[in-house]
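Dropping input32.pdb in here (PDB, C-alpha atoms):
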ATOM      1  CA  MET A   1     101.769 197.127 110.153
ATOM      2  CA  ASN A   2     101.017 194.487 107.543
ATOM      3  CA  PHE A   3     101.529 194.238 103.802
ATOM      4  CA  LYS A   4      97.960 195.028 102.759
ATOM      5  CA  GLU A   5      97.757 198.048 105.079
ATOM      6  CA  ILE A   6     100.910 199.513 103.533
ATOM      7  CA  ILE A   7      99.577 198.934 100.011
ATOM      8  CA  GLN A   8      96.211 200.416 100.984
ATOM      9  CA  PHE A   9      97.964 203.564 102.211
ATOM     10  CA  ALA A  10     100.077 203.681  99.046
ATOM     11  CA  VAL A  11      97.014 203.380  96.783
ATOM     12  CA  GLU A  12      95.193 206.121  98.702
ATOM     13  CA  ASN A  13      98.177 208.367  98.005
ATOM     14  CA  ASN A  14      98.282 207.535  94.262
ATOM     15  CA  PHE A  15     101.673 205.861  94.419
ATOM     16  CA  GLN A  16     103.623 204.684  91.399
ATOM     17  CA  GLU A  17     106.278 202.714  93.263
ATOM     18  CA  LEU A  18     106.805 201.519  96.841
ATOM     19  CA  PHE A  19     110.296 200.794  98.175
ATOM     20  CA  LEU A  20     110.998 198.521 101.132
ATOM     21  CA  THR A  21     114.612 198.040 102.196
ATOM     22  CA  VAL A  22     116.683 197.310 105.277
ATOM     23  CA  GLY A  23     117.689 200.454 107.158
ATOM     24  CA  SER A  24     114.995 202.763 105.760
ATOM     25  CA  LYS A  25     111.337 203.534 106.310
ATOM     26  CA  PRO A  26     108.914 202.362 103.601
ATOM     27  CA  SER A  27     108.955 205.010 100.871
ATOM     28  CA  LEU A  28     106.598 205.910  98.030
ATOM     29  CA  ARG A  29     107.392 207.335  94.631
ATOM     30  CA  ILE A  30     104.651 209.789  93.795
ATOM     31  CA  HIS A  31     105.349 211.297  90.381
ATOM     32  CA  LYS A  32     109.131 211.799  90.515
ATOM     33  CA  GLU A  33     109.547 212.323  94.253
ATOM     34  CA  ILE A  34     110.438 209.602  96.781
ATOM     35  CA  ILE A  35     108.647 210.252 100.062
ATOM     36  CA  GLU A  36     109.087 208.326 103.331
ATOM     37  CA  ILE A  37     105.959 207.102 105.115
ATOM     38  CA  GLU A  38     106.572 208.992 108.334
ATOM     39  CA  ASN A  39     104.438 206.957 110.750
ATOM     40  CA  LEU A  40     106.133 203.646 109.894
ATOM     41  CA  PRO A  41     109.368 202.369 111.487
ATOM     42  CA  ILE A  42     112.780 201.866 109.929
ATOM     43  CA  LEU A  43     112.777 198.340 108.532
ATOM     44  CA  ASN A  44     115.080 195.506 109.490
ATOM     45  CA  LEU A  45     115.468 192.124 107.781
ATOM     46  CA  VAL A  46     113.033 190.354 110.129
ATOM     47  CA  MET A  47     110.325 192.962 109.427
ATOM     48  CA  LEU A  48     110.833 192.634 105.681
ATOM     49  CA  GLU A  49     110.661 188.852 105.759
ATOM     50  CA  ASN A  50     107.510 188.983 107.870
ATOM     51  CA  LEU A  51     105.922 191.268 105.265
ATOM     52  CA  LEU A  52     106.965 188.943 102.460
ATOM     53  CA  THR A  53     105.570 185.815 104.121
ATOM     54  CA  GLU A  54     102.148 187.485 104.096
ATOM     55  CA  ILE A  55     102.117 187.086 100.308
ATOM     56  CA  ILE A  56     104.455 184.123  99.652
ATOM     57  CA  SER A  57     105.274 180.923 101.527
ATOM     58  CA  GLN A  58     108.409 180.369 103.595
ATOM     59  CA  ASN A  59     109.606 177.856 100.987
ATOM     60  CA  GLN A  60     109.188 180.444  98.241
ATOM     61  CA  LEU A  61     111.104 182.977 100.329
ATOM     62  CA  ASN A  62     113.949 180.499 100.823
ATOM     63  CA  SER A  63     114.008 179.906  97.070
ATOM     64  CA  ILE A  64     114.254 183.657  96.407
ATOM     65  CA  LYS A  65     117.220 183.881  98.781
ATOM     66  CA  GLU A  66     118.994 181.184  96.775
ATOM     67  CA  LYS A  67     118.215 182.843  93.422
ATOM     68  CA  GLU A  68     119.112 186.285  94.864
ATOM     69  CA  HIS A  69     116.342 188.067  92.958
ATOM     70  CA  VAL A  70     112.874 187.495  91.516
ATOM     71  CA  ASN A  71     110.203 189.475  89.677
ATOM     72  CA  PHE A  72     106.489 188.555  89.751
ATOM     73  CA  HIS A  73     102.957 189.938  89.536
ATOM     74  CA  TYR A  74     100.639 190.049  92.536
ATOM     75  CA  ASN A  75      96.966 191.023  92.671
ATOM     76  CA  ILE A  76      95.069 192.315  95.693
ATOM     77  CA  SER A  77      91.401 191.889  94.866
ATOM     78  CA  ASP A  78      89.445 195.154  94.548
ATOM     79  CA  LEU A  79      92.565 197.171  95.343
ATOM     80  CA  CYS A  80      95.393 196.978  92.814
ATOM     81  CA  ASN A  81      97.674 194.938  90.583
ATOM     82  CA  LEU A  82     101.354 194.978  91.458
ATOM     83  CA  ASN A  83     104.697 194.052  89.978
ATOM     84  CA  ILE A  84     107.054 193.000  92.772
ATOM     85  CA  PHE A  85     110.847 192.848  92.450
ATOM     86  CA  ILE A  86     112.809 191.302  95.341
ATOM     87  CA  SER A  87     116.589 191.306  95.632
ATOM     88  CA  TYR A  88     118.570 189.404  98.290
ATOM     89  CA  THR A  89     122.327 189.899  98.674
ATOM     90  CA  ASN A  90     124.494 189.330 101.756
ATOM     91  CA  HIS A  91     121.541 189.359 104.153
ATOM     92  CA  HIS A  92     120.337 192.632 102.665
ATOM     93  CA  CYS A  93     116.870 192.769 101.131
ATOM     94  CA  PHE A  94     115.410 195.332  98.721
ATOM     95  CA  ILE A  95     111.840 195.252  97.439
ATOM     96  CA  LYS A  96     110.389 197.477  94.703
ATOM     97  CA  ILE A  97     106.633 197.306  94.208
ATOM     98  CA  LYS A  98     105.194 198.974  91.109
ATOM     99  CA  ASN A  99     101.552 199.950  90.808
ATOM    100  CA  LEU A 100     100.185 198.491  87.573
ATOM    101  CA  ASN A 101      96.723 199.981  87.843
ATOM    102  CA  PRO A 102      96.173 202.248  84.834
ATOM    103  CA  SER A 103      94.879 205.771  85.128
ATOM    104  CA  LYS A 104      91.158 206.048  84.467
ATOM    105  CA  LEU A 105      91.367 209.676  83.357
ATOM    106  CA  THR A 106      89.713 210.687  80.099
ATOM    107  CA  LEU A 107      91.494 212.693  77.415
ATOM    108  CA  GLU A 108      89.689 215.806  78.622
ATOM    109  CA  GLU A 109      90.702 215.156  82.247
ATOM    110  CA  LEU A 110      94.345 214.756  81.182
ATOM    111  CA  ASN A 111      94.115 218.357  79.930
ATOM    112  CA  LEU A 112      96.054 217.700  76.735
ATOM    113  CA  PRO A 113      95.959 220.257  73.909
ATOM    114  CA  SER A 114      92.782 220.186  71.808
ATOM    115  CA  GLN A 115      94.886 219.373  68.728
ATOM    116  CA  ILE A 116      95.402 215.853  70.098
ATOM    117  CA  ILE A 117      91.716 214.929  70.193
ATOM    118  CA  LYS A 118      91.193 216.370  66.711
ATOM    119  CA  ALA A 119      94.212 214.633  65.201
ATOM    120  CA  ILE A 120      93.485 211.122  66.448
ATOM    121  CA  GLN A 121      90.137 211.060  64.664
ATOM    122  CA  ASP A 122      91.944 209.925  61.508
ATOM    123  CA  ASN A 123      91.872 206.180  60.853
ATOM    124  CA  SER A 124      95.503 205.884  59.786
ATOM    125  CA  GLY A 125      98.949 207.246  60.498
ATOM    126  CA  LEU A 126     101.515 207.371  63.289
ATOM    127  CA  TYR A 127     100.828 209.154  66.584
ATOM    128  CA  ILE A 128     103.661 209.371  69.122
ATOM    129  CA  PHE A 129     103.390 210.272  72.809
ATOM    130  CA  SER A 130     106.693 210.853  74.550
ATOM    131  CA  GLY A 131     107.980 211.972  77.914
ATOM    132  CA  GLU A 132     110.129 210.785  80.767
ATOM    133  CA  ASN A 133     109.122 208.185  83.360
ATOM    134  CA  PHE A 134     105.943 209.088  85.293
ATOM    135  CA  ASP A 135     104.995 211.937  82.925
ATOM    136  CA  GLY A 136     101.707 210.348  81.824
ATOM    137  CA  LYS A 137     102.504 208.526  78.562
ATOM    138  CA  THR A 138     100.746 205.296  79.528
ATOM    139  CA  SER A 139      97.793 207.189  81.006
ATOM    140  CA  THR A 140      97.446 209.022  77.689
ATOM    141  CA  LEU A 141      97.510 205.803  75.651
ATOM    142  CA  ASN A 142      94.958 204.330  78.042
ATOM    143  CA  ALA A 143      92.651 207.306  77.510
ATOM    144  CA  LEU A 144      93.102 207.228  73.721
ATOM    145  CA  ILE A 145      92.240 203.527  73.513
ATOM    146  CA  GLN A 146      89.231 204.033  75.760
ATOM    147  CA  LYS A 147      87.926 206.809  73.483
ATOM    148  CA  ILE A 148      88.267 204.601  70.391
ATOM    149  CA  ASN A 149      86.710 201.693  72.298
ATOM    150  CA  GLN A 150      83.667 203.756  73.239
ATOM    151  CA  GLU A 151      83.081 205.229  69.785
ATOM    152  CA  GLU A 152      84.380 202.872  67.065
ATOM    153  CA  LYS A 153      84.310 199.231  66.034
ATOM    154  CA  LYS A 154      88.018 198.482  65.710
ATOM    155  CA  LEU A 155      90.405 195.605  66.230
ATOM    156  CA  ILE A 156      93.043 196.959  68.625
ATOM    157  CA  CYS A 157      96.287 195.173  69.544
ATOM    158  CA  ILE A 158      98.396 196.296  72.504
ATOM    159  CA  LEU A 159     102.091 195.529  72.984
ATOM    160  CA  GLN A 160     103.280 196.338  76.505
ATOM    161  CA  ASP A 161     106.018 195.135  78.832
ATOM    162  CA  GLU A 162     103.751 195.395  81.851
ATOM    163  CA  GLU A 163      99.977 195.155  81.786
ATOM    164  CA  GLN A 164      99.303 198.756  82.728
ATOM    165  CA  ILE A 165      96.712 199.191  79.976
ATOM    166  CA  LYS A 166      93.662 197.085  80.796
ATOM    167  CA  ILE A 167      90.427 197.918  79.017
ATOM    168  CA  GLN A 168      87.300 195.810  78.637
ATOM    169  CA  ASN A 169      85.840 195.485  75.138
ATOM    170  CA  GLN A 170      82.979 197.861  74.365
ATOM    171  CA  LYS A 171      82.568 198.631  70.660
ATOM    172  CA  SER A 172      86.108 197.507  69.857
ATOM    173  CA  ILE A 173      87.900 194.180  70.247
ATOM    174  CA  ILE A 174      91.044 194.705  72.322
ATOM    175  CA  LEU A 175      93.866 192.146  72.477
ATOM    176  CA  ASN A 176      97.101 192.039  74.444
ATOM    177  CA  THR A 177      99.482 190.406  71.982
ATOM    178  CA  GLU A 178     103.091 189.473  71.276
ATOM    179  CA  ILE A 179     105.074 191.023  68.429
ATOM    180  CA  GLU A 180     105.117 187.696  66.537
ATOM    181  CA  GLU A 181     101.298 187.713  66.321
ATOM    182  CA  ILE A 182     100.833 191.187  64.861
ATOM    183  CA  GLU A 183     101.206 190.323  61.173
ATOM    184  CA  ASP A 184      98.662 187.474  61.364
ATOM    185  CA  ILE A 185      96.150 189.516  63.357
ATOM    186  CA  SER A 186      96.580 192.673  61.237
ATOM    187  CA  PRO A 187      94.848 195.047  63.676
ATOM    188  CA  ASP A 188      93.153 198.296  62.715
ATOM    189  CA  VAL A 189      95.016 199.997  65.557
ATOM    190  CA  LEU A 190      98.364 198.945  67.045
ATOM    191  CA  VAL A 191      99.351 200.394  70.424
ATOM    192  CA  ILE A 192     102.941 200.074  71.646
ATOM    193  CA  ASP A 193     103.643 201.255  75.178
ATOM    194  CA  ASN A 194     107.372 202.022  75.112
ATOM    195  CA  LEU A 195     108.829 201.493  71.639
ATOM    196  CA  SER A 196     112.181 199.805  72.160
ATOM    197  CA  ASN A 197     113.439 197.659  69.283
ATOM    198  CA  GLU A 198     113.831 197.235  65.543
ATOM    199  CA  LYS A 199     111.384 194.350  65.307
ATOM    200  CA  GLN A 200     108.613 196.615  66.548
ATOM    201  CA  LEU A 201     109.660 199.268  64.046
ATOM    202  CA  HIS A 202     109.403 196.796  61.155
ATOM    203  CA  GLU A 203     105.867 195.784  62.202
ATOM    204  CA  ILE A 204     104.915 199.457  62.450
ATOM    205  CA  ASP A 205     106.203 199.996  58.896
ATOM    206  CA  LYS A 206     104.156 197.079  57.518
ATOM    207  CA  LEU A 207     100.935 198.218  59.179
ATOM    208  CA  LEU A 208     101.377 201.843  58.143
ATOM    209  CA  GLU A 209     101.922 200.736  54.531
ATOM    210  CA  ASN A 210      98.532 199.013  54.781
ATOM    211  CA  GLY A 211      96.774 202.137  56.002
ATOM    212  CA  LYS A 212      96.591 201.203  59.690
ATOM    213  CA  LYS A 213      96.791 203.424  62.745
ATOM    214  CA  ILE A 214      99.688 203.325  65.248
ATOM    215  CA  LEU A 215      99.720 204.844  68.732
ATOM    216  CA  LEU A 216     102.987 204.531  70.603
ATOM    217  CA  SER A 217     104.918 205.897  73.546
ATOM    218  CA  ILE A 218     108.660 206.343  73.893
ATOM    219  CA  ASN A 219     110.931 207.894  76.519
ATOM    220  CA  ALA A 220     112.184 211.347  75.466
ATOM    221  CA  ASN A 221     112.205 214.880  76.871
ATOM    222  CA  SER A 222     111.257 216.744  73.664
ATOM    223  CA  SER A 223     109.803 216.158  70.221
ATOM    224  CA  VAL A 224     113.255 216.412  68.676
ATOM    225  CA  GLN A 225     114.679 213.830  71.084
ATOM    226  CA  THR A 226     111.675 211.629  70.322
ATOM    227  CA  ILE A 227     112.681 211.540  66.662
ATOM    228  CA  GLN A 228     116.344 211.047  67.584
ATOM    229  CA  ASN A 229     115.485 208.065  69.805
ATOM    230  CA  ILE A 230     113.450 206.415  67.050
ATOM    231  CA  ALA A 231     116.243 207.041  64.540
ATOM    232  CA  ALA A 232     118.697 205.419  66.959
ATOM    233  CA  ILE A 233     116.787 202.138  66.585
ATOM    234  CA  ASN A 234     117.074 202.129  62.770
ATOM    235  CA  GLU A 235     117.775 205.423  61.035
ATOM    236  CA  GLU A 236     116.708 204.516  57.485
ATOM    237  CA  LEU A 237     113.479 202.894  58.634
ATOM    238  CA  ALA A 238     112.779 205.840  60.933
ATOM    239  CA  LYS A 239     113.245 208.311  58.045
ATOM    240  CA  LYS A 240     110.777 206.357  55.903
ATOM    241  CA  ILE A 241     108.138 205.942  58.594
ATOM    242  CA  LEU A 242     108.319 209.492  59.905
ATOM    243  CA  SER A 243     108.427 211.231  56.519
ATOM    244  CA  GLN A 244     105.567 209.182  55.054
ATOM    245  CA  HIS A 245     103.239 208.463  57.972
ATOM    246  CA  LEU A 246     103.821 210.685  61.028
ATOM    247  CA  LYS A 247     100.739 212.679  62.052
ATOM    248  CA  LEU A 248     101.898 214.113  65.374
ATOM    249  CA  ILE A 249     104.250 213.949  68.325
ATOM    250  CA  CYS A 250     103.001 215.017  71.733
ATOM    251  CA  ASN A 251     105.827 215.347  74.239
ATOM    252  CA  MET A 252     104.522 215.728  77.778
ATOM    253  CA  GLU A 253     105.793 216.654  81.190
ATOM    254  CA  LEU A 254     104.170 217.028  84.603
ATOM    255  CA  LEU A 255     105.235 220.082  86.595
ATOM    256  CA  LYS A 256     104.691 220.465  90.325
ATOM    257  CA  SER A 257     103.181 223.849  91.123
ATOM    258  CA  LYS A 258     104.925 226.041  93.679
ATOM    259  CA  ALA A 259     101.556 227.568  94.552
ATOM    260  CA  ASP A 260      99.489 224.502  95.471
ATOM    261  CA  SER A 261     101.879 221.500  95.063
ATOM    262  CA  ASN A 262      99.560 219.917  92.478
ATOM    263  CA  LEU A 263     100.856 218.454  89.212
ATOM    264  CA  TYR A 264     100.021 220.252  85.972
ATOM    265  CA  PRO A 265     100.695 218.934  82.461
ATOM    266  CA  VAL A 266     102.740 220.913  79.982
ATOM    267  CA  SER A 267     103.147 219.613  76.451
ATOM    268  CA  GLU A 268     104.850 220.216  73.139
ATOM    269  CA  VAL A 269     102.976 219.252  69.977
ATOM    270  CA  PHE A 270     104.607 218.712  66.595
ATOM    271  CA  ILE A 271     102.147 218.170  63.743
ATOM    272  CA  ALA A 272     103.508 216.682  60.527
ATOM    273  CA  ASN A 273     102.141 217.603  57.108
ATOM    274  CA  SER A 274     103.245 217.598  53.476
ATOM    275  CA  GLU A 275     105.233 220.812  53.991
ATOM    276  CA  ASN A 276     107.575 219.335  56.579
ATOM    277  CA  PHE A 277     107.893 215.705  55.435
ATOM    278  CA  LYS A 278     111.172 216.594  53.665
ATOM    279  CA  ILE A 279     112.603 217.865  56.937
ATOM    280  CA  LEU A 280     111.682 214.547  58.572
ATOM    281  CA  GLU A 281     113.176 212.565  55.705
ATOM    282  CA  ASN A 282     116.462 214.406  56.213
ATOM    283  CA  LEU A 283     116.176 214.311  60.023
ATOM    284  CA  ASP A 284     116.918 218.034  60.122
ATOM    285  CA  TYR A 285     116.563 218.486  63.866
ATOM    286  CA  SER A 286     117.157 222.255  63.986
ATOM    287  CA  GLN A 287     114.405 222.825  61.429
ATOM    288  CA  ILE A 288     112.027 220.527  63.339
ATOM    289  CA  GLN A 289     112.463 222.625  66.500
ATOM    290  CA  ASN A 290     112.002 225.807  64.486
ATOM    291  CA  LEU A 291     108.759 224.466  63.005
ATOM    292  CA  ILE A 292     107.344 223.756  66.461
ATOM    293  CA  GLU A 293     108.176 227.250  67.700
ATOM    294  CA  THR A 294     106.719 229.010  64.645
ATOM    295  CA  GLY A 295     103.893 226.628  63.739
ATOM    296  CA  LYS A 296     101.072 227.884  65.964
ATOM    297  CA  ASN A 297      98.805 228.429  62.949
ATOM    298  CA  GLN A 298      99.294 224.772  62.005
ATOM    299  CA  GLY A 299      98.232 223.624  65.478
ATOM    300  CA  MET A 300     101.710 223.219  66.908
ATOM    301  CA  HIS A 301     102.270 223.947  70.562
ATOM    302  CA  THR A 302     105.231 224.595  72.871
ATOM    303  CA  LYS A 303     105.700 223.814  76.546
ATOM    304  CA  LYS A 304     106.455 227.501  77.058
ATOM    305  CA  GLN A 305     102.858 228.331  76.122
ATOM    306  CA  ASP A 306     101.555 226.023  78.853
ATOM    307  CA  ILE A 307     104.038 227.331  81.403
ATOM    308  CA  ASN A 308     103.027 230.932  80.586
ATOM    309  CA  ALA A 309      99.376 230.006  81.048
ATOM    310  CA  LEU A 310     100.128 228.462  84.460
ATOM    311  CA  GLN A 311     102.103 231.570  85.447
ATOM    312  CA  ASN A 312      99.155 233.777  84.478
ATOM    313  CA  LEU A 313      96.987 231.699  86.809
ATOM    314  CA  GLY A 314      99.556 232.036  89.570
ATOM    315  CA  LEU A 315     100.335 228.318  89.558
ATOM    316  CA  ALA A 316     103.916 228.290  88.257
TER     317      ALA A 316
END
Turn this file's structure into structure tokens for me.
Amino acid sequence: MNFKEIIQFAVENNFQELFLTVGSKPSLRIHKEIIEIENLPILNLVMLENLLTEIISQNQLNSIKEKEHVNFHYNISDLCNLNIFISYTNHHCFIKIKNLNPSKLTLEELNLPSQIIKAIQDNSGLYIFSGENFDGKTSTLNALIQKINQEEKKLICILQDEEQIKIQNQKSIILNTEIEEIEDISPDVLVIDNLSNEKQLHEIDKLLENGKKILLSINANSSVQTIQNIAAINEELAKKILSQHLKLICNMELLKSKADSNLYPVSEVFIANSENFKILENLDYSQIQNLIETGKNQGMHTKKQDINALQNLGLA
């Protein structure tokens, strides 16, 4: 057992996170489940340190022990990019390794509602993709950027905590940037993977006022909670942005089928138009949910529709 062999196995099994800790077998997070690697032994401190010294020096390991924790990026050529977190306390070691390789799925392969592909053809407005961890938000942003990159000449800026979106320029120019650079660059398209603070919201407001396009993700388990979470950052600014510029919210979830154990996407789509901007301005959450459930003719979509379709196929 060596470090690269474990990572190779993890990659082959489409892992999102790998956990190595004293007293347990190496375990993978695949979607939302944590699964032990059965053919590997329970780890002790010596085993863990031997694994670590395959990728860092003994001096670096000693330094980590003194600092008690460290977080760094590590690349294995032609295999994957990793974020590695190491914690040392009282002779106990815990390592979390996150897979930073983005999904290469296209929009069609992600099986999102057709309304999404139609809606993003506009050159301006706010498009929000929400869900919980490991529900495909970043994969969706990756696919959206790739589609623009293949078809349009745009200047695209990406704000992300971890470099999970990595796309080579084709027709577009794509930049990974910091929030302080956005105003000077003035991109045609701003992508924010995980909206989290008021500063980002102010930059979104400025760009939307200038007719730009914003794609962003945020953690939430419904369209209504998506709006609530944005309002929690700055309610007045959220009311303005949502009521004047929102085009759609796609809230997504991956469900594991009881029939074949595969993951299937279910999504809820809220499409904003002039008729419901007042509801957004007032943050009338009950009316927003009602619109989604009754707005099929406007292109809206509920998770229940997807679940019913899976049930009809015998997959849920």
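The spacing separating atom CA of A:Ile56 from atom CA of A:Val70 amounts to 12.2 Å.
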> Pick from A:Thr140, A:Asn133, A:Asn81, A:Gln58: nearest to A:Asn221, with all atoms listed in the file counted?
Replying inline: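 Of the candidates, the smallest distance to A:Asn221 is held by A:Asn133.
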> Within 12 Å of A:Asn297, counting all atoms listed in the file, which residues qualify if same-chain residues fewer than 5 places away don't, as a list in words?
Replying inline: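 My list of contacting residues is Gln115, Phe270, Ile271, Leu291 and Ile292 of chain A.
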> Hey, what comes out of the PyMOL selection byres ((chain A and resi 96) around 6) on this file? Could you write it as number ranges by chain?
Replying inline: A: 18-19, 84-85, 95, 97
Who sits within 12 Å of A:Lys153, only C-alpha atoms, same chain under 6 positions skipped, as a PDB file with C-alpha atoms, in the frame of the given file:
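After the write, result_1.pdb holds the following:
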ATOM      1  CA  ASN A 123      91.872 206.180  60.853  1.00  0.00           C
ATOM      2  CA  ILE A 145      92.240 203.527  73.513  1.00  0.00           C
ATOM      3  CA  GLN A 146      89.231 204.033  75.760  1.00  0.00           C
ATOM      4  CA  LYS A 147      87.926 206.809  73.483  1.00  0.00           C
ATOM      5  CA  ASN A 169      85.840 195.485  75.138  1.00  0.00           C
ATOM      6  CA  GLN A 170      82.979 197.861  74.365  1.00  0.00           C
ATOM      7  CA  LYS A 171      82.568 198.631  70.660  1.00  0.00           C
ATOM      8  CA  SER A 172      86.108 197.507  69.857  1.00  0.00           C
ATOM      9  CA  ILE A 173      87.900 194.180  70.247  1.00  0.00           C
ATOM     10  CA  ILE A 174      91.044 194.705  72.322  1.00  0.00           C
ATOM     11  CA  PRO A 187      94.848 195.047  63.676  1.00  0.00           C
ATOM     12  CA  ASP A 188      93.153 198.296  62.715  1.00  0.00           C
ATOM     13  CA  VAL A 189      95.016 199.997  65.557  1.00  0.00           C
TER      14      VAL A 189
END
> Can you list, as a list in words, the residues that the PyMOL selection byres ((chain A and resi 194) around 10) selects here?
Replying inline: Phe129, Ser130, Lys137, Thr138, Leu159, Gln160, Asp161, Val191, Ile192, Asp193, Leu195, Ser196, Asn197, Leu216, Ser217, Ile218 and Asn219 of chain A
> Which protein, DNA or RNA residues have an atom at most 12 Å from (95.0, 203.6, 53.5), counting only C-alpha atoms? List them as a list of chain:residue names.
Replying inline: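 Applying the cut-off with only C-alpha atoms, one gets A:Asp122, A:Asn123, A:Ser124, A:Gly125, A:Asp188, A:Lys206, A:Leu207, A:Leu208, A:Glu209, A:Asn210, A:Gly211, A:Lys212, A:Lys213, A:His245.
In this structure, atom CA of A:Ser286 sits 25.0 Å away from atom CA of A:Pro265.
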> Of the candidates A:Glu109, A:Ile37, A:Gln16, A:Glu178, which one gets nearest to A:Asn83 if we count all atoms listed in the file?
Replying inline: A:Gln16
> Any idea what's packed within 12 Å of A:Lys303, counting only C-alpha atoms, ignoring anything in its chain fewer than 4 positions away? Could you give it as a list in words?
Replying inline: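 The filter keeps Leu112, Pro113, Asn221, Ser222, Ser223, Cys250, Asn251, Met252, Glu253, Leu254, Leu255, Tyr264, Pro265, Val266, Ser267, Glu268, Val269, Phe270, Ile292, Glu293, Ile307, Asn308, Ala309 and Leu310 of chain A.
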> Just how far from atom CA of A:Ile64 is atom CA of A:Met1, in Å to one decimal?
Replying inline: 22.9 Å
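Considering the residues A:Thr226, A:Gln60, A:Thr21, A:Asn273 and counting all atoms listed in the file, A:Met300 has its shortest atom-to-atom contact with A:Asn273.
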> Of the residues A:Met47, A:Ile185, A:Leu79, A:Leu280, which is the one nearest to A:Glu236, using all atoms listed in the file?
Replying inline: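 Result for the nearest residue to A:Glu236: A:Leu280.
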> the PyMOL selection byres ((chain A and resi 39) around 12) on the file shown: which residues, as a list in words?
Replying inline: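 Selection result, ordered by chain and number: Met1, Ile6, Phe9, Lys25, Pro26, Ser27, Ile35, Glu36, Ile37, Glu38, Leu40, Pro41 and Ile42 of chain A.
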Expected file: the selected residues, C-alpha atoms, as an mmCIF file, in the frame of the given file:
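To be explicit, this is the file written out as result-v2.cif:
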data_model
loop_
_atom_site.group_PDB
_atom_site.id
_atom_site.type_symbol
_atom_site.label_atom_id
_atom_site.label_comp_id
_atom_site.auth_asym_id
_atom_site.auth_seq_id
_atom_site.Cartn_x
_atom_site.Cartn_y
_atom_site.Cartn_z
ATOM 1 C CA MET A 1 101.769 197.127 110.153
ATOM 2 C CA ILE A 6 100.910 199.513 103.533
ATOM 3 C CA PHE A 9 97.964 203.564 102.211
ATOM 4 C CA LYS A 25 111.337 203.534 106.310
ATOM 5 C CA PRO A 26 108.914 202.362 103.601
ATOM 6 C CA SER A 27 108.955 205.010 100.871
ATOM 7 C CA ILE A 35 108.647 210.252 100.062
ATOM 8 C CA GLU A 36 109.087 208.326 103.331
ATOM 9 C CA ILE A 37 105.959 207.102 105.115
ATOM 10 C CA GLU A 38 106.572 208.992 108.334
ATOM 11 C CA LEU A 40 106.133 203.646 109.894
ATOM 12 C CA PRO A 41 109.368 202.369 111.487
ATOM 13 C CA ILE A 42 112.780 201.866 109.929
#
> Nearest to A:His202 among A:Lys247, A:His73, A:Lys240, A:Lys304, with distances taken over all atoms listed in the file: which residue is it?
Replying inline: A:Lys240
> Quick one: of A:Leu144, A:Leu107, A:Leu242, A:Ile116, who's nearest to A:His301, counting only C-alpha atoms?
Replying inline: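 Of A:Leu144, A:Leu107, A:Leu242, A:Ile116, the one nearest A:His301, counting only C-alpha atoms, is A:Ile116.
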> If we count all atoms listed in the file, what is near A:Asn44 at a cut-off of 10 Å, once residues fewer than 5 positions away on the same chain are taken out, given as a ChimeraX atom specification?
Replying inline: /A:20-25,49,92-93
>> Which residues are close to A:Leu190, i.e. within 6 Å by all atoms listed in the file, leaving aside same-chain residues fewer than 6 positions away? Reply as a VMD selection string.
In response: chain A and resid 156 to 157 214
>> Using all atoms listed in the file - which residues lie no farther than 12 Å from the point (100.9, 226.2, 94.6) in the file's frame? Write them as a VMD selection string.
In response: chain A and resid 255 to 264 310 to 311 313 to 316
Please write stretch 225-234 of chain A of the preceding block to a file containing N, CA and C atoms, as an mmCIF file, in the first residue's frame?
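Result file is part_29.cif:
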data_model
loop_
_atom_site.group_PDB
_atom_site.id
_atom_site.type_symbol
_atom_site.label_atom_id
_atom_site.label_comp_id
_atom_site.auth_asym_id
_atom_site.auth_seq_id
_atom_site.Cartn_x
_atom_site.Cartn_y
_atom_site.Cartn_z
ATOM 1 N N GLN A 225 -35.117 28.422 -0.073
ATOM 2 C CA GLN A 225 -33.977 28.581 0.827
ATOM 3 C C GLN A 225 -32.813 29.278 0.132
ATOM 4 N N THR A 226 -32.689 29.088 -1.171
ATOM 5 C CA THR A 226 -31.670 29.802 -1.937
ATOM 6 C C THR A 226 -31.839 31.304 -1.774
ATOM 7 N N ILE A 227 -33.063 31.775 -1.958
ATOM 8 C CA ILE A 227 -33.353 33.203 -1.825
ATOM 9 C C ILE A 227 -33.136 33.654 -0.378
ATOM 10 N N GLN A 228 -33.570 32.831 0.563
ATOM 11 C CA GLN A 228 -33.377 33.171 1.984
ATOM 12 C C GLN A 228 -31.889 33.305 2.324
ATOM 13 N N ASN A 229 -31.063 32.415 1.790
ATOM 14 C CA ASN A 229 -29.630 32.455 2.098
ATOM 15 C C ASN A 229 -28.953 33.672 1.492
ATOM 16 N N ILE A 230 -29.415 34.097 0.318
ATOM 17 C CA ILE A 230 -28.863 35.318 -0.282
ATOM 18 C C ILE A 230 -29.314 36.535 0.520
ATOM 19 N N ALA A 231 -30.579 36.538 0.925
ATOM 20 C CA ALA A 231 -31.105 37.654 1.720
ATOM 21 C C ALA A 231 -30.394 37.755 3.061
ATOM 22 N N ALA A 232 -29.930 36.630 3.588
ATOM 23 C CA ALA A 232 -29.233 36.643 4.879
ATOM 24 C C ALA A 232 -27.897 37.369 4.787
ATOM 25 N N ILE A 233 -27.334 37.454 3.596
ATOM 26 C CA ILE A 233 -26.066 38.181 3.409
ATOM 27 C C ILE A 233 -26.309 39.682 3.473
ATOM 28 N N ASN A 234 -27.323 40.162 2.749
ATOM 29 C CA ASN A 234 -27.719 41.573 2.781
ATOM 30 C C ASN A 234 -29.122 41.645 2.184
#
